[in-house]
file my_file10.tsv (TSV, C-alpha atoms and all ligand atoms)
chain	number	residue	atom	x	y	z
A	6	MET	CA	10.56	-9.15	-0.96
A	7	GLU	CA	8.88	-7.93	2.18
A	8	VAL	CA	6.46	-10.17	4.09
A	9	VAL	CA	3.73	-8.64	6.22
A	10	VAL	CA	1.78	-10.98	8.51
A	11	VAL	CA	-1.50	-9.63	9.87
A	12	PRO	CA	-4.24	-11.23	11.99
A	13	THR	CA	-7.13	-11.10	9.50
A	14	PRO	CA	-7.93	-10.47	5.81
A	15	GLU	CA	-9.53	-7.17	6.86
A	16	ASP	CA	-6.23	-6.07	8.38
A	17	ALA	CA	-4.53	-7.07	5.13
A	18	ALA	CA	-7.08	-5.05	3.18
A	19	ARG	CA	-6.17	-1.93	5.16
A	20	VAL	CA	-2.44	-2.49	4.52
A	21	VAL	CA	-3.04	-2.87	0.79
A	22	ALA	CA	-5.51	0.01	0.63
A	23	ASP	CA	-2.86	2.17	2.31
A	24	ALA	CA	-0.51	1.35	-0.59
A	25	TYR	CA	-3.20	2.35	-3.12
A	26	THR	CA	-3.95	5.51	-1.17
A	27	ALA	CA	-0.29	6.54	-1.07
A	28	LEU	CA	0.08	5.84	-4.78
A	29	LEU	CA	-3.07	7.66	-5.87
A	30	HIS	CA	-2.36	10.66	-3.66
A	31	ALA	CA	1.12	10.90	-5.22
A	32	THR	CA	0.02	10.08	-8.80
A	33	ALA	CA	-3.66	10.58	-9.55
A	34	SER	CA	-3.17	9.07	-13.02
A	35	ALA	CA	-1.58	5.85	-11.75
A	36	VAL	CA	-1.89	2.53	-13.55
A	37	ILE	CA	-3.05	-0.40	-11.44
A	38	GLY	CA	-3.32	-4.13	-12.04
A	39	LEU	CA	-6.41	-5.92	-10.78
A	40	ALA	CA	-6.89	-9.56	-9.79
A	41	THR	CA	-10.12	-11.50	-9.51
A	42	GLY	CA	-10.95	-14.40	-7.17
A	43	SER	CA	-12.04	-14.25	-3.55
A	44	THR	CA	-8.74	-12.99	-2.11
A	45	PRO	CA	-8.80	-9.33	-3.23
A	46	LEU	CA	-12.45	-8.79	-2.25
A	47	PRO	CA	-11.71	-7.28	1.20
A	48	VAL	CA	-9.28	-4.90	-0.52
A	49	TYR	CA	-11.88	-3.82	-3.07
A	50	ARG	CA	-14.43	-3.28	-0.27
A	51	GLU	CA	-11.92	-1.14	1.61
A	52	LEU	CA	-11.09	0.88	-1.53
A	53	ALA	CA	-14.82	1.45	-2.12
A	54	ARG	CA	-15.23	2.59	1.48
A	55	ARG	CA	-12.34	5.06	1.20
A	56	HIS	CA	-13.83	6.34	-2.04
A	57	ARG	CA	-17.24	6.84	-0.35
A	58	ASP	CA	-15.49	8.68	2.47
A	59	GLY	CA	-13.90	11.01	-0.09
A	60	ASP	CA	-10.33	9.83	0.53
A	61	LEU	CA	-9.72	8.16	-2.81
A	62	SER	CA	-10.57	8.91	-6.42
A	63	PHE	CA	-10.02	6.61	-9.38
A	64	ALA	CA	-11.17	9.24	-11.88
A	65	ARG	CA	-7.77	9.41	-13.60
A	66	VAL	CA	-6.62	5.85	-12.84
A	67	ARG	CA	-6.24	3.21	-15.53
A	68	ALA	CA	-6.49	-0.47	-14.73
A	69	PHE	CA	-5.47	-3.73	-16.38
A	70	LEU	CA	-6.83	-7.15	-15.50
A	71	LEU	CA	-4.54	-10.08	-14.91
A	72	ASP	CA	-6.48	-12.63	-16.90
A	73	GLU	CA	-9.71	-13.59	-18.62
A	74	TYR	CA	-11.54	-16.64	-19.92
A	75	VAL	CA	-11.81	-16.97	-23.69
A	76	GLY	CA	-15.21	-17.55	-25.23
A	77	LEU	CA	-17.61	-16.22	-22.58
A	78	PRO	CA	-20.00	-13.62	-24.04
A	79	ALA	CA	-19.81	-10.00	-22.86
A	80	GLY	CA	-21.78	-9.60	-19.65
A	81	HIS	CA	-21.46	-13.29	-18.65
A	82	PRO	CA	-21.30	-13.23	-14.84
A	83	GLU	CA	-18.16	-15.40	-14.76
A	84	ARG	CA	-16.19	-13.14	-17.09
A	85	TYR	CA	-13.42	-11.59	-15.01
A	86	ARG	CA	-14.17	-8.19	-16.55
A	87	GLU	CA	-17.72	-8.56	-15.22
A	88	PHE	CA	-16.41	-9.56	-11.78
A	89	ILE	CA	-14.33	-6.38	-11.59
A	90	ARG	CA	-17.32	-4.33	-12.73
A	91	THR	CA	-19.47	-5.75	-9.93
A	92	GLU	CA	-16.89	-5.88	-7.16
A	93	LEU	CA	-15.00	-2.62	-7.72
A	94	GLU	CA	-15.88	-0.49	-10.74
A	95	GLN	CA	-19.52	0.06	-9.74
A	96	HIS	CA	-18.47	1.31	-6.31
A	97	VAL	CA	-15.86	3.89	-7.31
A	98	ASP	CA	-15.39	6.54	-9.99
A	99	PHE	CA	-13.35	5.05	-12.82
A	100	ALA	CA	-13.76	6.88	-16.13
A	101	PRO	CA	-15.51	4.90	-18.89
A	102	ASP	CA	-13.06	2.58	-20.67
A	103	ALA	CA	-10.42	3.06	-17.96
A	104	ILE	CA	-10.35	-0.68	-17.24
A	105	LEU	CA	-9.06	-3.14	-19.80
A	106	GLY	CA	-8.83	-6.92	-19.69
A	107	PRO	CA	-6.92	-9.17	-22.06
A	108	GLY	CA	-10.25	-10.38	-23.45
A	109	ASP	CA	-11.44	-6.88	-24.35
A	110	LEU	CA	-9.29	-6.37	-27.44
A	111	GLU	CA	-10.87	-6.68	-30.86
A	112	VAL	CA	-8.25	-9.13	-32.11
A	113	PRO	CA	-8.13	-12.94	-32.44
A	114	PRO	CA	-7.10	-14.66	-29.17
A	115	LEU	CA	-3.65	-15.63	-30.52
A	116	GLU	CA	-2.88	-11.96	-31.17
A	117	ALA	CA	-4.36	-10.69	-27.93
A	118	GLY	CA	-1.24	-11.33	-25.81
A	119	PRO	CA	1.18	-9.09	-27.70
A	120	ALA	CA	-1.58	-6.48	-28.23
A	121	TYR	CA	-2.34	-6.42	-24.50
A	122	GLU	CA	1.35	-6.08	-23.61
A	123	GLN	CA	1.50	-3.13	-26.00
A	124	ARG	CA	-1.50	-1.49	-24.31
A	125	ILE	CA	0.19	-1.87	-20.92
A	126	ARG	CA	3.42	-0.36	-22.31
A	127	ASP	CA	1.46	2.50	-23.93
A	128	ALA	CA	-0.07	3.27	-20.53
A	129	GLY	CA	3.43	3.54	-19.06
A	130	GLY	CA	3.47	0.17	-17.26
A	131	ILE	CA	1.68	-0.98	-14.13
A	132	ASP	CA	2.49	0.95	-10.96
A	133	LEU	CA	0.78	-1.38	-8.49
A	134	GLN	CA	-0.27	-4.96	-9.23
A	135	ILE	CA	-2.42	-6.89	-6.77
A	136	LEU	CA	-2.20	-10.70	-6.89
A	137	GLY	CA	-3.79	-13.73	-5.28
A	138	ILE	CA	-2.04	-17.10	-5.10
A	139	GLY	CA	-3.44	-20.53	-5.92
A	140	THR	CA	-3.00	-23.48	-3.57
A	141	ASP	CA	-0.57	-24.92	-6.15
A	142	GLY	CA	1.33	-21.62	-6.28
A	143	HIS	CA	-0.21	-20.33	-9.50
A	144	LEU	CA	-0.25	-16.61	-10.27
A	145	ALA	CA	-2.96	-15.38	-12.63
A	146	PHE	CA	-3.46	-18.41	-14.96
A	147	ASN	CA	0.25	-19.24	-14.86
A	148	MET	CA	-0.03	-22.76	-13.56
A	149	PRO	CA	2.91	-24.85	-12.28
A	150	MET	CA	5.56	-25.29	-14.98
A	151	SER	CA	4.66	-22.01	-16.70
A	152	SER	CA	7.77	-20.30	-17.97
A	153	LEU	CA	9.21	-17.70	-15.63
A	154	ALA	CA	9.84	-15.62	-18.79
A	155	SER	CA	6.23	-15.86	-20.01
A	156	ARG	CA	4.31	-12.86	-21.33
A	157	THR	CA	0.57	-12.36	-21.88
A	158	ARG	CA	-0.66	-15.24	-24.01
A	159	LEU	CA	-3.41	-17.67	-24.89
A	160	LYS	CA	-3.36	-20.78	-22.73
A	161	THR	CA	-5.28	-24.04	-22.58
A	162	LEU	CA	-6.83	-24.59	-19.17
A	163	THR	CA	-5.85	-27.90	-17.60
A	164	PRO	CA	-8.60	-30.40	-16.74
A	165	ARG	CA	-7.80	-29.81	-13.05
A	166	THR	CA	-8.30	-26.04	-13.34
A	167	ARG	CA	-11.54	-26.53	-15.27
A	168	GLN	CA	-12.75	-29.01	-12.64
A	169	ASP	CA	-11.76	-26.61	-9.81
A	170	ASN	CA	-13.63	-23.75	-11.50
A	171	ALA	CA	-16.71	-25.80	-12.40
A	172	ARG	CA	-18.22	-24.71	-9.06
A	173	PHE	CA	-18.74	-21.27	-10.58
A	174	PHE	CA	-20.52	-22.80	-13.61
A	175	ASP	CA	-23.36	-24.77	-11.94
A	176	GLY	CA	-20.84	-27.55	-11.21
A	177	ASP	CA	-20.75	-28.39	-14.92
A	178	ILE	CA	-17.22	-28.69	-16.30
A	179	ASP	CA	-18.58	-28.55	-19.84
A	180	GLN	CA	-19.62	-24.94	-19.27
A	181	VAL	CA	-16.08	-23.96	-18.18
A	182	PRO	CA	-14.12	-22.42	-21.06
A	183	THR	CA	-11.21	-24.45	-22.38
A	184	HIS	CA	-8.90	-21.46	-22.90
A	185	CYS	CA	-7.86	-18.28	-21.18
A	186	LEU	CA	-5.70	-15.24	-21.71
A	187	THR	CA	-3.30	-14.45	-18.91
A	188	GLN	CA	-0.54	-12.02	-18.16
A	189	GLY	CA	2.73	-13.93	-18.03
A	190	LEU	CA	5.10	-14.16	-15.10
A	191	ALA	CA	7.53	-11.77	-16.78
A	192	THR	CA	4.64	-9.33	-17.33
A	193	ILE	CA	3.93	-9.44	-13.61
A	194	LEU	CA	7.63	-8.89	-12.86
A	195	ASP	CA	7.49	-5.69	-14.93
A	196	SER	CA	5.03	-4.05	-12.51
A	197	ARG	CA	6.71	-1.42	-10.36
A	198	HIS	CA	5.20	-2.80	-7.13
A	199	ALA	CA	3.52	-6.20	-6.78
A	200	ILE	CA	1.46	-7.08	-3.74
A	201	MET	CA	0.53	-10.73	-3.32
A	202	LEU	CA	-2.16	-11.65	-0.83
A	203	GLY	CA	-2.86	-15.05	0.73
A	204	PHE	CA	-5.41	-16.00	3.33
A	205	GLY	CA	-6.17	-19.25	5.14
A	206	ARG	CA	-4.36	-22.52	5.85
A	207	GLY	CA	-5.08	-23.77	2.36
A	208	LYS	CA	-2.56	-21.24	1.04
A	209	ALA	CA	0.14	-21.92	3.66
A	210	GLN	CA	2.25	-24.34	1.61
A	211	ALA	CA	2.07	-22.19	-1.53
A	212	VAL	CA	3.04	-19.09	0.48
A	213	ARG	CA	5.99	-20.94	2.01
A	214	GLU	CA	7.21	-22.15	-1.39
A	215	ALA	CA	6.73	-18.68	-2.89
A	216	VAL	CA	8.61	-16.89	-0.13
A	217	GLU	CA	11.19	-19.40	1.11
A	218	GLY	CA	11.45	-22.05	-1.59
A	219	PRO	CA	13.79	-21.99	-4.57
A	220	VAL	CA	12.67	-19.85	-7.51
A	221	SER	CA	11.06	-22.49	-9.67
A	222	ALA	CA	8.38	-22.94	-12.31
A	223	ARG	CA	7.05	-25.70	-10.03
A	224	TRP	CA	5.72	-22.88	-7.78
A	225	PRO	CA	5.08	-19.95	-10.14
A	226	ALA	CA	4.61	-17.40	-7.34
A	227	SER	CA	8.24	-17.96	-6.31
A	228	VAL	CA	9.09	-15.72	-9.29
A	229	LEU	CA	8.20	-12.78	-7.04
A	230	GLN	CA	11.53	-13.34	-5.26
A	231	LEU	CA	13.04	-11.82	-8.41
A	232	HIS	CA	10.75	-8.78	-8.28
A	233	PRO	CA	12.53	-5.60	-7.19
A	234	HIS	CA	9.54	-4.47	-5.11
A	235	ALA	CA	7.29	-7.31	-4.02
A	236	THR	CA	5.19	-7.30	-0.87
A	237	VAL	CA	3.49	-10.42	0.44
A	238	VAL	CA	0.58	-9.73	2.79
A	239	VAL	CA	-0.78	-12.82	4.51
A	240	ASP	CA	-2.93	-13.68	7.48
A	241	GLU	CA	-1.54	-15.85	10.31
A	242	ASP	CA	-3.01	-19.04	8.84
A	243	ALA	CA	-1.41	-18.49	5.45
A	244	ALA	CA	1.86	-17.61	7.23
A	245	SER	CA	1.75	-20.73	9.43
A	246	GLN	CA	4.38	-22.67	7.44
A	247	LEU	CA	6.88	-19.82	7.18
A	248	ALA	CA	10.14	-20.32	9.10
A	301	LIG	C1	-7.15	-14.02	-10.28
A	301	LIG	C2	-6.27	-15.10	-10.64
A	301	LIG	C3	-5.98	-16.32	-9.81
A	301	LIG	C4	-6.35	-16.20	-8.34
A	301	LIG	C5	-6.03	-17.52	-7.62
A	301	LIG	C6	-6.51	-17.49	-6.19
A	301	LIG	O1	-7.20	-13.03	-11.30
A	301	LIG	O2	-5.74	-15.01	-11.68
A	301	LIG	O3	-4.64	-16.65	-9.95
A	301	LIG	O4	-5.63	-15.16	-7.75
A	301	LIG	O5	-6.64	-18.59	-8.27
A	301	LIG	O6	-7.89	-17.47	-6.19
A	301	LIG	P1	-8.71	-17.10	-4.87
A	301	LIG	O7	-8.38	-15.68	-4.56
A	301	LIG	O8	-10.16	-17.27	-5.25
A	301	LIG	O9	-8.24	-18.04	-3.80
call {"tool": "encode", "arguments": {"input": "my_file10.tsv", "output": "structure tokens"}}
result
Amino acid sequence: MEVVVVPTPEDAARVVADAYTALLHATASAVIGLATGSTPLPVYRELARRHRDGDLSFARVRAFLLDEYVGLPAGHPERYREFIRTELEQHVDFAPDAILGPGDLEVPPLEAGPAYEQRIRDAGGIDLQILGIGTDGHLAFNMPMSSLASRTRLKTLTPRTRQDNARFFDGDIDQVPTHCLTQGLATILDSRHAIMLGFGRGKAQAVREAVEGPVSARWPASVLQLHPHATVVVDEDAASQLA
């Protein structure tokens, strides 16, 4: 695991965009893994800028989302597929149908996990996976105590997660879906390069546990210590508890 500490999220975005640029210049048909949430937004803005400047094309790239709510109708603004459409897809040149989320398969939710894993395998695996980290160390919707061997699956959202996410649903927990589909921790470990980002003091403990703590389901992001090529890019606040 390599740890890169930079002054600001914008600096981090340039570091991560450099990794995308190197990958896409070497392999125009690369497969990338996309995260939602606030953390990757500076990266997506930087990728869009490089695309506008003519440095980067996604025309032959395929992308897989980390996770998705179950039960939100297509086009719902809180669907993660919709988030990626607004924050990245609309600003670059992906081919139609190049981006797939675990909620996009025409199968019942219980069958979606294995079907999604198959789609990732059929694409040749994920070359570069971008990740955020939760304050409790979660990765995707793999909350504390998720199995380190987990694969893409249907999960019940905990009351705490639903309460935390209610702010995106008019503050009304009843509007927050009760289930999600998420890549598992072992799925994430299969990516050829994983880059985890963390910004702000609120992430400092989780970053410390992920990087310096024991590998433990208590802090799911610590599984990245087992990844053969993991890069952690954090700002100084998020790095403030590192030794
Ligand atoms: C995103 C995801 C989540 C977020 C995490 C951090 O697809 O699955 O694990 O990465 O909750 O969220 P932010 O970036 O909003 O702090």
call {"tool": "residues_near_ligand", "arguments": {"input": "my_file10.tsv", "ligand": "ligand LIG 301 (chain A)", "cutoff": "6 Å", "atoms": "all atoms listed in the file", "output": "PDB file with C-alpha atoms, keeping the file's coordinate frame"}}
result
ATOM      1  CA  ALA A  40      -6.890  -9.560  -9.790  1.00  0.00           C
ATOM      2  CA  THR A  41     -10.120 -11.500  -9.510  1.00  0.00           C
ATOM      3  CA  GLY A  42     -10.950 -14.400  -7.170  1.00  0.00           C
ATOM      4  CA  SER A  43     -12.040 -14.250  -3.550  1.00  0.00           C
ATOM      5  CA  THR A  44      -8.740 -12.990  -2.110  1.00  0.00           C
ATOM      6  CA  LEU A  71      -4.540 -10.080 -14.910  1.00  0.00           C
ATOM      7  CA  ASP A  72      -6.480 -12.630 -16.900  1.00  0.00           C
ATOM      8  CA  LEU A 136      -2.200 -10.700  -6.890  1.00  0.00           C
ATOM      9  CA  GLY A 137      -3.790 -13.730  -5.280  1.00  0.00           C
ATOM     10  CA  ILE A 138      -2.040 -17.100  -5.100  1.00  0.00           C
ATOM     11  CA  GLY A 139      -3.440 -20.530  -5.920  1.00  0.00           C
ATOM     12  CA  HIS A 143      -0.210 -20.330  -9.500  1.00  0.00           C
ATOM     13  CA  LEU A 144      -0.250 -16.610 -10.270  1.00  0.00           C
ATOM     14  CA  ALA A 145      -2.960 -15.380 -12.630  1.00  0.00           C
ATOM     15  CA  PHE A 146      -3.460 -18.410 -14.960  1.00  0.00           C
TER      16      PHE A 146
END
call {"tool": "closest_residue", "arguments": {"input": "my_file10.tsv", "among": "A:Gly108, A:Arg156, A:Tyr74, A:Pro219", "to": "Asn170 in chain A", "atoms": "all atoms listed in the file"}}
result
A:Tyr74
call {"tool": "atom_distance", "arguments": {"input": "my_file10.tsv", "atom1": "CA of Tyr85 in chain A", "atom2": "CA of His234 in chain A"}}
result
26.0 Å
call {"tool": "closest_residue", "arguments": {"input": "my_file10.tsv", "among": "A:Val10, A:Leu70, A:Leu93, A:Ala27", "to": "Glu51 in chain A", "atoms": "all atoms listed in the file"}}
result
A:Leu93
call {"tool": "atom_distance", "arguments": {"input": "my_file10.tsv", "atom1": "CA of Asp195 in chain A", "atom2": "CA of Arg67 in chain A"}}
result
16.4 Å
call {"tool": "residues_near_point", "arguments": {"input": "my_file10.tsv", "point": "(-6.6, -0.7, -15.3)", "cutoff": "8 Å", "atoms": "only C-alpha atoms", "output": "list of chain:residue names"}}
result
A:Val36, A:Ile37, A:Gly38, A:Leu39, A:Val66, A:Arg67, A:Ala68, A:Phe69, A:Leu70, A:Ala103, A:Ile104, A:Leu105, A:Gly106
call {"tool": "residues_around", "arguments": {"input": "my_file10.tsv", "residues": "range 201-218 of chain A", "least_positions_apart": "2", "cutoff": "10 Å", "atoms": "all atoms listed in the file", "output": "count of residues only"}}
result
54
call {"tool": "atom_distance", "arguments": {"input": "my_file10.tsv", "atom1": "CA of Ser155 in chain A", "atom2": "CA of Arg84 in chain A"}}
result
22.8 Å
call {"tool": "closest_residue", "arguments": {"input": "my_file10.tsv", "among": "A:Leu194, A:Met148, A:Leu186, A:Ala100", "to": "Pro233 in chain A", "atoms": "all atoms listed in the file"}}
result
A:Leu194
call {"tool": "closest_residue", "arguments": {"input": "my_file10.tsv", "among": "A:Thr157, A:Thr163, A:Pro113, A:Arg126", "to": "Gly76 in chain A", "atoms": "only C-alpha atoms"}}
result
A:Pro113
call {"tool": "axis_aligned_box", "arguments": {"input": "my_file10.tsv", "around": "range 174-185 of chain A", "padding_each_side": "4 Å", "output": "JSON"}}
result
{"center_x": -15.6, "center_y": -23.5, "center_z": -17.1, "size_x": 23.5, "size_y": 18.4, "size_z": 19.7}
call {"tool": "residues_around", "arguments": {"input": "my_file10.tsv", "residues": "Phe63 in chain A", "least_positions_apart": "3", "cutoff": "7 Å", "atoms": "all atoms listed in the file", "output": "JSON, numbers by chain"}}
result
{"A": [66, 97, 98, 99]}
call {"tool": "residues_around", "arguments": {"input": "my_file10.tsv", "residues": "range 52-54 of chain A", "least_positions_apart": "4", "cutoff": "12 Å", "atoms": "all atoms listed in the file", "output": "NGL selection string"}}
result
:A and (15 or 18-26 or 29 or 45-48 or 58-63 or 91-99)
call {"tool": "write_last_selection", "arguments": {"input": "my_file10.tsv", "atoms": "C-alpha atoms", "output": "JSON list (two decimals), in the coordinates of the input"}}
result
[["chain", "number", "residue", "atom", "x", "y", "z"],
["A", 15, "GLU", "CA", -9.53, -7.17, 6.86],
["A", 18, "ALA", "CA", -7.08, -5.05, 3.18],
["A", 19, "ARG", "CA", -6.17, -1.93, 5.16],
["A", 20, "VAL", "CA", -2.44, -2.49, 4.52],
["A", 21, "VAL", "CA", -3.04, -2.87, 0.79],
["A", 22, "ALA", "CA", -5.51, 0.01, 0.63],
["A", 23, "ASP", "CA", -2.86, 2.17, 2.31],
["A", 24, "ALA", "CA", -0.51, 1.35, -0.59],
["A", 25, "TYR", "CA", -3.20, 2.35, -3.12],
["A", 26, "THR", "CA", -3.95, 5.51, -1.17],
["A", 29, "LEU", "CA", -3.07, 7.66, -5.87],
["A", 45, "PRO", "CA", -8.80, -9.33, -3.23],
["A", 46, "LEU", "CA", -12.45, -8.79, -2.25],
["A", 47, "PRO", "CA", -11.71, -7.28, 1.20],
["A", 48, "VAL", "CA", -9.28, -4.90, -0.52],
["A", 58, "ASP", "CA", -15.49, 8.68, 2.47],
["A", 59, "GLY", "CA", -13.90, 11.01, -0.09],
["A", 60, "ASP", "CA", -10.33, 9.83, 0.53],
["A", 61, "LEU", "CA", -9.72, 8.16, -2.81],
["A", 62, "SER", "CA", -10.57, 8.91, -6.42],
["A", 63, "PHE", "CA", -10.02, 6.61, -9.38],
["A", 91, "THR", "CA", -19.47, -5.75, -9.93],
["A", 92, "GLU", "CA", -16.89, -5.88, -7.16],
["A", 93, "LEU", "CA", -15.00, -2.62, -7.72],
["A", 94, "GLU", "CA", -15.88, -0.49, -10.74],
["A", 95, "GLN", "CA", -19.52, 0.06, -9.74],
["A", 96, "HIS", "CA", -18.47, 1.31, -6.31],
["A", 97, "VAL", "CA", -15.86, 3.89, -7.31],
["A", 98, "ASP", "CA", -15.39, 6.54, -9.99],
["A", 99, "PHE", "CA", -13.35, 5.05, -12.82]]
call {"tool": "closest_residue", "arguments": {"input": "my_file10.tsv", "among": "A:Ala64, A:Leu162, A:Ala154, A:Val75", "to": "Ile178 in chain A", "atoms": "only C-alpha atoms"}}
result
A:Leu162
call {"tool": "closest_residue", "arguments": {"input": "my_file10.tsv", "among": "A:Gly80, A:Val181, A:Ala117, A:Leu190", "to": "Pro149 in chain A", "atoms": "all atoms listed in the file"}}
result
A:Leu190
